[in-house]
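Right, one structure below, let's go through it.
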Amino acid sequence: MSRTEGYILWAKSFIQARRVVAVRMDAERGEYEALSENGSSYFIERLEQAQALLTVLEEKQEPSKV
């Protein structure tokens, strides 16, 4: 299991609780931020957490494959 996969359940919960719609990543500076639909932003501590948030958000946007 990759480090990012270890944060998937956390990411799903975080997105639902805080209504996250985007993630801003500045890897050069090591700064990651989750943005909610009401304009709030949340500092994300680890790159793996930011990547997990992006993964979950991308999955939500893909059309269902039946």
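Scheme for the structure tokens: letters A, B, ... for chains in order shown; per-chain residue numbers from 1; ligand numbers from 1 in order shown.
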Run DSSP on the backbone of this structure and report the residues of chain A it assigns to strand (DSSP E or B), as a PDB file with N, CA, C and O atoms, in the first residue's frame.
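states-v1.pdb, freshly written:
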```
ATOM      1  N   VAL A  20     -14.935  19.969   0.921  1.00  0.00           N
ATOM      2  CA  VAL A  20     -13.779  20.352   0.118  1.00  0.00           C
ATOM      3  C   VAL A  20     -14.089  20.178  -1.362  1.00  0.00           C
ATOM      4  O   VAL A  20     -14.673  19.180  -1.770  1.00  0.00           O
ATOM      5  N   VAL A  21     -13.703  21.163  -2.160  1.00  0.00           N
ATOM      6  CA  VAL A  21     -13.944  21.107  -3.603  1.00  0.00           C
ATOM      7  C   VAL A  21     -12.654  21.183  -4.420  1.00  0.00           C
ATOM      8  O   VAL A  21     -12.665  20.915  -5.614  1.00  0.00           O
ATOM      9  N   ALA A  22     -11.540  21.556  -3.779  1.00  0.00           N
ATOM     10  CA  ALA A  22     -10.279  21.680  -4.516  1.00  0.00           C
ATOM     11  C   ALA A  22      -9.106  21.581  -3.548  1.00  0.00           C
ATOM     12  O   ALA A  22      -9.258  21.771  -2.340  1.00  0.00           O
ATOM     13  N   VAL A  23      -7.952  21.310  -4.128  1.00  0.00           N
ATOM     14  CA  VAL A  23      -6.717  21.260  -3.355  1.00  0.00           C
ATOM     15  C   VAL A  23      -5.687  22.112  -4.080  1.00  0.00           C
ATOM     16  O   VAL A  23      -5.509  21.994  -5.287  1.00  0.00           O
ATOM     17  N   ARG A  24      -5.046  22.976  -3.350  1.00  0.00           N
ATOM     18  CA  ARG A  24      -3.981  23.811  -3.905  1.00  0.00           C
ATOM     19  C   ARG A  24      -2.661  23.240  -3.391  1.00  0.00           C
ATOM     20  O   ARG A  24      -2.478  23.078  -2.183  1.00  0.00           O
ATOM     21  N   MET A  25      -1.748  22.944  -4.319  1.00  0.00           N
ATOM     22  CA  MET A  25      -0.477  22.350  -3.936  1.00  0.00           C
ATOM     23  C   MET A  25       0.675  23.197  -4.465  1.00  0.00           C
ATOM     24  O   MET A  25       0.720  23.519  -5.643  1.00  0.00           O
ATOM     25  N   ASP A  26       1.580  23.556  -3.586  1.00  0.00           N
ATOM     26  CA  ASP A  26       2.817  24.226  -3.973  1.00  0.00           C
ATOM     27  C   ASP A  26       3.953  23.343  -3.458  1.00  0.00           C
ATOM     28  O   ASP A  26       4.463  23.535  -2.351  1.00  0.00           O
ATOM     29  N   GLU A  31       3.775  23.496   0.588  1.00  0.00           N
ATOM     30  CA  GLU A  31       2.522  23.997   1.158  1.00  0.00           C
ATOM     31  C   GLU A  31       1.339  23.386   0.425  1.00  0.00           C
ATOM     32  O   GLU A  31       1.303  23.369  -0.810  1.00  0.00           O
ATOM     33  N   TYR A  32       0.396  22.874   1.201  1.00  0.00           N
ATOM     34  CA  TYR A  32      -0.789  22.211   0.650  1.00  0.00           C
ATOM     35  C   TYR A  32      -2.010  22.748   1.387  1.00  0.00           C
ATOM     36  O   TYR A  32      -1.986  22.919   2.601  1.00  0.00           O
ATOM     37  N   GLU A  33      -3.076  22.999   0.627  1.00  0.00           N
ATOM     38  CA  GLU A  33      -4.260  23.634   1.192  1.00  0.00           C
ATOM     39  C   GLU A  33      -5.513  23.040   0.558  1.00  0.00           C
ATOM     40  O   GLU A  33      -5.581  22.864  -0.654  1.00  0.00           O
ATOM     41  N   ALA A  34      -6.481  22.703   1.400  1.00  0.00           N
ATOM     42  CA  ALA A  34      -7.775  22.228   0.909  1.00  0.00           C
ATOM     43  C   ALA A  34      -8.731  23.418   0.915  1.00  0.00           C
ATOM     44  O   ALA A  34      -8.763  24.194   1.878  1.00  0.00           O
ATOM     45  N   LEU A  35      -9.504  23.559  -0.160  1.00  0.00           N
ATOM     46  CA  LEU A  35     -10.433  24.678  -0.292  1.00  0.00           C
ATOM     47  C   LEU A  35     -11.855  24.155  -0.256  1.00  0.00           C
ATOM     48  O   LEU A  35     -12.205  23.221  -0.981  1.00  0.00           O
ATOM     49  N   SER A  36     -12.694  24.760   0.579  1.00  0.00           N
ATOM     50  CA  SER A  36     -14.077  24.297   0.710  1.00  0.00           C
ATOM     51  C   SER A  36     -15.010  25.128  -0.157  1.00  0.00           C
ATOM     52  O   SER A  36     -14.647  26.217  -0.621  1.00  0.00           O
ATOM     53  N   SER A  41     -10.343  27.724   3.825  1.00  0.00           N
ATOM     54  CA  SER A  41      -9.198  26.920   3.410  1.00  0.00           C
ATOM     55  C   SER A  41      -8.603  26.245   4.644  1.00  0.00           C
ATOM     56  O   SER A  41      -8.680  26.767   5.753  1.00  0.00           O
ATOM     57  N   TYR A  42      -8.025  25.079   4.420  1.00  0.00           N
ATOM     58  CA  TYR A  42      -7.474  24.266   5.499  1.00  0.00           C
ATOM     59  C   TYR A  42      -6.058  23.851   5.136  1.00  0.00           C
ATOM     60  O   TYR A  42      -5.827  23.272   4.077  1.00  0.00           O
ATOM     61  N   PHE A  43      -5.115  24.158   6.011  1.00  0.00           N
ATOM     62  CA  PHE A  43      -3.730  23.778   5.807  1.00  0.00           C
ATOM     63  C   PHE A  43      -3.628  22.258   5.880  1.00  0.00           C
ATOM     64  O   PHE A  43      -4.167  21.629   6.788  1.00  0.00           O
ATOM     65  N   ILE A  44      -2.948  21.654   4.922  1.00  0.00           N
ATOM     66  CA  ILE A  44      -2.732  20.212   4.885  1.00  0.00           C
ATOM     67  C   ILE A  44      -1.254  19.976   5.173  1.00  0.00           C
ATOM     68  O   ILE A  44      -0.387  20.543   4.508  1.00  0.00           O
TER      69      ILE A  44
END
```
Backbone-only DSSP, alpha helix (DSSP H) members of chain A, as number ranges by chain
A: 8-18, 47-61
Hey, can you spit out that residue selection with N, CA and C atoms as a PDB file, in the first residue's frame?
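Output file part.pdb follows:
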```pdb
ATOM      1  N   ILE A   8      -6.639   7.557   2.081  1.00  0.00           N
ATOM      2  CA  ILE A   8      -7.884   7.646   1.308  1.00  0.00           C
ATOM      3  C   ILE A   8      -9.112   7.753   2.209  1.00  0.00           C
ATOM      4  N   LEU A   9      -9.228   6.902   3.218  1.00  0.00           N
ATOM      5  CA  LEU A   9     -10.394   6.978   4.122  1.00  0.00           C
ATOM      6  C   LEU A   9     -10.430   8.317   4.850  1.00  0.00           C
ATOM      7  N   TRP A  10      -9.261   8.782   5.282  1.00  0.00           N
ATOM      8  CA  TRP A  10      -9.195  10.093   5.921  1.00  0.00           C
ATOM      9  C   TRP A  10      -9.668  11.170   4.946  1.00  0.00           C
ATOM     10  N   ALA A  11      -9.209  11.096   3.699  1.00  0.00           N
ATOM     11  CA  ALA A  11      -9.560  12.102   2.696  1.00  0.00           C
ATOM     12  C   ALA A  11     -11.063  12.135   2.445  1.00  0.00           C
ATOM     13  N   LYS A  12     -11.675  10.959   2.327  1.00  0.00           N
ATOM     14  CA  LYS A  12     -13.126  10.905   2.098  1.00  0.00           C
ATOM     15  C   LYS A  12     -13.872  11.576   3.240  1.00  0.00           C
ATOM     16  N   SER A  13     -13.467  11.292   4.456  1.00  0.00           N
ATOM     17  CA  SER A  13     -14.105  11.888   5.630  1.00  0.00           C
ATOM     18  C   SER A  13     -13.865  13.396   5.681  1.00  0.00           C
ATOM     19  N   PHE A  14     -12.646  13.818   5.407  1.00  0.00           N
ATOM     20  CA  PHE A  14     -12.283  15.232   5.428  1.00  0.00           C
ATOM     21  C   PHE A  14     -13.083  16.017   4.394  1.00  0.00           C
ATOM     22  N   ILE A  15     -13.194  15.457   3.197  1.00  0.00           N
ATOM     23  CA  ILE A  15     -13.942  16.116   2.120  1.00  0.00           C
ATOM     24  C   ILE A  15     -15.409  16.264   2.488  1.00  0.00           C
ATOM     25  N   GLN A  16     -15.981  15.207   3.042  1.00  0.00           N
ATOM     26  CA  GLN A  16     -17.397  15.251   3.408  1.00  0.00           C
ATOM     27  C   GLN A  16     -17.651  16.227   4.559  1.00  0.00           C
ATOM     28  N   ALA A  17     -16.826  16.180   5.572  1.00  0.00           N
ATOM     29  CA  ALA A  17     -17.032  17.026   6.751  1.00  0.00           C
ATOM     30  C   ALA A  17     -16.811  18.506   6.455  1.00  0.00           C
ATOM     31  N   ARG A  18     -15.843  18.811   5.602  1.00  0.00           N
ATOM     32  CA  ARG A  18     -15.488  20.211   5.344  1.00  0.00           C
ATOM     33  C   ARG A  18     -15.919  20.703   3.971  1.00  0.00           C
ATOM     34  N   LEU A  47       2.230  15.917   2.042  1.00  0.00           N
ATOM     35  CA  LEU A  47       2.010  15.741   0.611  1.00  0.00           C
ATOM     36  C   LEU A  47       1.071  14.566   0.356  1.00  0.00           C
ATOM     37  N   GLU A  48       1.244  13.472   1.088  1.00  0.00           N
ATOM     38  CA  GLU A  48       0.415  12.291   0.891  1.00  0.00           C
ATOM     39  C   GLU A  48      -1.065  12.581   1.164  1.00  0.00           C
ATOM     40  N   GLN A  49      -1.332  13.436   2.146  1.00  0.00           N
ATOM     41  CA  GLN A  49      -2.713  13.818   2.441  1.00  0.00           C
ATOM     42  C   GLN A  49      -3.294  14.626   1.278  1.00  0.00           C
ATOM     43  N   ALA A  50      -2.528  15.565   0.760  1.00  0.00           N
ATOM     44  CA  ALA A  50      -2.983  16.381  -0.369  1.00  0.00           C
ATOM     45  C   ALA A  50      -3.240  15.504  -1.587  1.00  0.00           C
ATOM     46  N   GLN A  51      -2.356  14.544  -1.840  1.00  0.00           N
ATOM     47  CA  GLN A  51      -2.532  13.636  -2.971  1.00  0.00           C
ATOM     48  C   GLN A  51      -3.773  12.772  -2.797  1.00  0.00           C
ATOM     49  N   ALA A  52      -4.034  12.313  -1.579  1.00  0.00           N
ATOM     50  CA  ALA A  52      -5.230  11.508  -1.319  1.00  0.00           C
ATOM     51  C   ALA A  52      -6.493  12.341  -1.541  1.00  0.00           C
ATOM     52  N   LEU A  53      -6.477  13.593  -1.109  1.00  0.00           N
ATOM     53  CA  LEU A  53      -7.619  14.478  -1.341  1.00  0.00           C
ATOM     54  C   LEU A  53      -7.871  14.635  -2.838  1.00  0.00           C
ATOM     55  N   LEU A  54      -6.809  14.863  -3.602  1.00  0.00           N
ATOM     56  CA  LEU A  54      -6.949  14.996  -5.054  1.00  0.00           C
ATOM     57  C   LEU A  54      -7.500  13.718  -5.684  1.00  0.00           C
ATOM     58  N   THR A  55      -7.010  12.588  -5.250  1.00  0.00           N
ATOM     59  CA  THR A  55      -7.474  11.300  -5.778  1.00  0.00           C
ATOM     60  C   THR A  55      -8.962  11.133  -5.555  1.00  0.00           C
ATOM     61  N   VAL A  56      -9.422  11.406  -4.349  1.00  0.00           N
ATOM     62  CA  VAL A  56     -10.847  11.246  -4.022  1.00  0.00           C
ATOM     63  C   VAL A  56     -11.688  12.254  -4.804  1.00  0.00           C
ATOM     64  N   LEU A  57     -11.234  13.494  -4.901  1.00  0.00           N
ATOM     65  CA  LEU A  57     -11.982  14.501  -5.662  1.00  0.00           C
ATOM     66  C   LEU A  57     -12.081  14.119  -7.136  1.00  0.00           C
ATOM     67  N   GLU A  58     -10.998  13.585  -7.691  1.00  0.00           N
ATOM     68  CA  GLU A  58     -11.019  13.160  -9.094  1.00  0.00           C
ATOM     69  C   GLU A  58     -11.976  11.991  -9.295  1.00  0.00           C
ATOM     70  N   GLU A  59     -12.018  11.060  -8.354  1.00  0.00           N
ATOM     71  CA  GLU A  59     -12.938   9.919  -8.449  1.00  0.00           C
ATOM     72  C   GLU A  59     -14.388  10.393  -8.427  1.00  0.00           C
ATOM     73  N   LYS A  60     -14.673  11.415  -7.622  1.00  0.00           N
ATOM     74  CA  LYS A  60     -16.034  11.946  -7.537  1.00  0.00           C
ATOM     75  C   LYS A  60     -16.475  12.594  -8.849  1.00  0.00           C
ATOM     76  N   GLN A  61     -15.521  13.137  -9.600  1.00  0.00           N
ATOM     77  CA  GLN A  61     -15.846  13.840 -10.834  1.00  0.00           C
ATOM     78  C   GLN A  61     -15.973  12.916 -12.032  1.00  0.00           C
TER      79      GLN A  61
END
```
